[in-house]
file model.txt (compact mmCIF, C-alpha atoms)
# COMPACT_ATOMS: atom_id res chain seq x y z
CA MET K 64 -43.03 -25.49 -174.66
CA ASN K 65 -46.67 -25.47 -173.67
CA THR K 66 -48.15 -22.03 -173.15
CA GLN K 67 -51.08 -20.53 -171.30
CA THR K 68 -53.03 -17.49 -172.49
CA ILE K 69 -54.30 -14.93 -170.01
CA SER K 70 -56.64 -12.12 -171.03
CA ILE K 71 -56.32 -8.67 -169.47
CA GLU K 72 -58.87 -5.92 -169.94
CA PHE K 73 -57.73 -2.33 -170.55
CA PRO K 74 -59.55 0.87 -171.44
CA SER K 75 -60.31 0.81 -175.16
CA ASP K 76 -58.06 3.79 -175.90
CA ILE K 77 -54.93 2.53 -174.11
CA LEU K 78 -53.12 1.50 -177.31
CA LEU K 79 -53.80 4.90 -178.87
CA THR K 80 -52.74 6.67 -175.66
CA LEU K 81 -49.48 4.71 -175.52
CA ASN K 82 -48.99 4.83 -179.29
CA GLU K 83 -48.23 1.11 -179.26
CA SER K 84 -49.58 -1.96 -180.97
CA GLU K 85 -51.27 -4.74 -179.05
CA GLU K 86 -48.21 -6.91 -179.72
CA GLU K 87 -45.79 -4.27 -178.35
CA LEU K 88 -47.84 -3.79 -175.20
CA GLY K 89 -48.16 -7.55 -174.73
CA HIS K 90 -44.39 -7.96 -175.00
CA GLN K 91 -43.76 -5.16 -172.48
CA LEU K 92 -46.22 -6.70 -170.05
CA LYS K 93 -44.56 -10.12 -170.35
CA VAL K 94 -41.13 -8.63 -169.65
CA LEU K 95 -42.39 -6.61 -166.69
CA PHE K 96 -44.25 -9.62 -165.27
CA ALA K 97 -41.15 -11.79 -165.66
CA ALA K 98 -39.00 -9.14 -163.95
CA LYS K 99 -41.46 -8.89 -161.06
CA LEU K 100 -41.47 -12.66 -160.54
CA TYR K 101 -37.67 -12.68 -160.67
CA LEU K 102 -37.41 -9.81 -158.17
CA GLN K 103 -39.73 -11.68 -155.81
CA GLN K 104 -37.38 -14.66 -156.27
CA LYS K 105 -40.32 -16.81 -157.38
CA VAL K 106 -38.53 -17.85 -160.59
CA THR K 107 -34.92 -18.15 -161.71
CA ILE K 108 -33.41 -15.68 -164.14
CA GLY K 109 -33.58 -18.36 -166.85
CA LYS K 110 -37.29 -19.01 -166.26
CA ALA K 111 -37.97 -15.26 -166.15
CA ALA K 112 -36.23 -14.85 -169.51
CA GLN K 113 -38.39 -17.65 -170.89
CA ILE K 114 -41.56 -15.95 -169.59
CA ALA K 115 -40.41 -12.67 -171.12
CA GLY K 116 -39.79 -14.34 -174.45
CA LEU K 117 -36.15 -13.29 -174.42
CA LYS K 118 -32.82 -15.06 -174.46
CA LYS K 119 -31.20 -15.11 -171.01
CA PHE K 120 -28.53 -12.65 -172.15
CA GLU K 121 -31.19 -10.27 -173.50
CA PHE K 122 -33.17 -10.46 -170.26
CA GLU K 123 -30.03 -9.84 -168.18
CA ASN K 124 -29.31 -6.77 -170.33
CA TRP K 125 -32.88 -5.55 -169.84
CA LEU K 126 -32.50 -5.98 -166.08
CA ALA K 127 -29.20 -4.07 -166.08
CA GLU K 128 -30.68 -1.25 -168.19
CA ASN K 129 -33.47 -0.96 -165.63
CA GLU K 130 -31.08 -1.11 -162.67
CA ILE K 131 -32.38 -4.45 -161.47
CA PRO K 132 -29.75 -6.81 -159.99
CA ILE K 133 -28.99 -9.98 -161.92
CA SER K 134 -27.91 -11.78 -158.76
CA PHE K 135 -29.17 -11.88 -155.21
CA LEU K 136 -25.92 -13.10 -153.68
CA SER K 137 -24.84 -11.16 -150.64
CA TYR K 138 -21.28 -10.07 -150.01
CA ASP K 139 -20.97 -12.85 -147.39
CA ASP K 140 -22.20 -15.43 -149.92
CA ILE K 141 -19.52 -14.34 -152.35
CA LEU K 142 -16.81 -14.51 -149.68
CA LYS K 143 -17.90 -18.01 -148.66
CA ASP K 144 -17.81 -19.16 -152.28
CA ALA K 145 -14.36 -17.60 -152.74
CA GLU K 146 -13.05 -19.36 -149.62
CA LYS K 147 -14.10 -22.71 -151.10
CA LEU K 148 -11.87 -22.03 -154.10
CA PHE K 149 -8.71 -21.64 -152.01
call {"tool": "encode", "arguments": {"input": "model.txt", "output": "structure tokens"}}
result
Amino acid sequence: MNTQTISIEFPSDILLTLNESEEELGHQLKVLFAAKLYLQQKVTIGKAAQIAGLKKFEFENWLAENEIPISFLSYDDILKDAEKLF
């Protein structure tokens, strides 16, 4: 997979304030960015997991832990799909 690097500037004491390493903060930002893109329905859950650097199952668990839906199907969508099965 080809990757792109993006630089973000923060106050110089942010890592000390958060008591995190640059790597930990970078990972958190990637996961949050992926979740935001997924919530905006700009990427699929699989692509969001890839952006986050997680397996799909891990990303779905992260979403669930943060009370973010893993599907955007409406009740009517589910009923229509169920009708097709019978």
call {"tool": "residues_around", "arguments": {"input": "model.txt", "residues": "Tyr101 of chain K", "least_positions_apart": "3", "cutoff": "12 Å", "atoms": "all atoms listed in the file", "output": "VMD selection string"}}
result
chain K and resid 94 to 98 104 to 115 122 to 123 126 131 to 135
call {"tool": "closest_residue", "arguments": {"input": "model.txt", "among": "K:Gly89, K:Lys99, K:Phe120, K:Asp139", "to": "Thr68 of chain K", "atoms": "all atoms listed in the file"}}
result
K:Gly89
call {"tool": "atom_distance", "arguments": {"input": "model.txt", "atom1": "atom CA of Glu121 of chain K", "atom2": "atom CA of Ser84 of chain K"}}
result
21.5 Å
call {"tool": "axis_aligned_box", "arguments": {"input": "model.txt", "around": "segment 67-79 of chain K", "padding_each_side": "6 Å", "output": "AutoDock Vina command-line options"}}
result
--center_x -55.7 --center_y -7.8 --center_z -174.2 --size_x 21.2 --size_y 37.4 --size_z 21.4
call {"tool": "atom_distance", "arguments": {"input": "model.txt", "atom1": "atom CA of Thr66 of chain K", "atom2": "atom CA of Thr80 of chain K"}}
result
29.2 Å
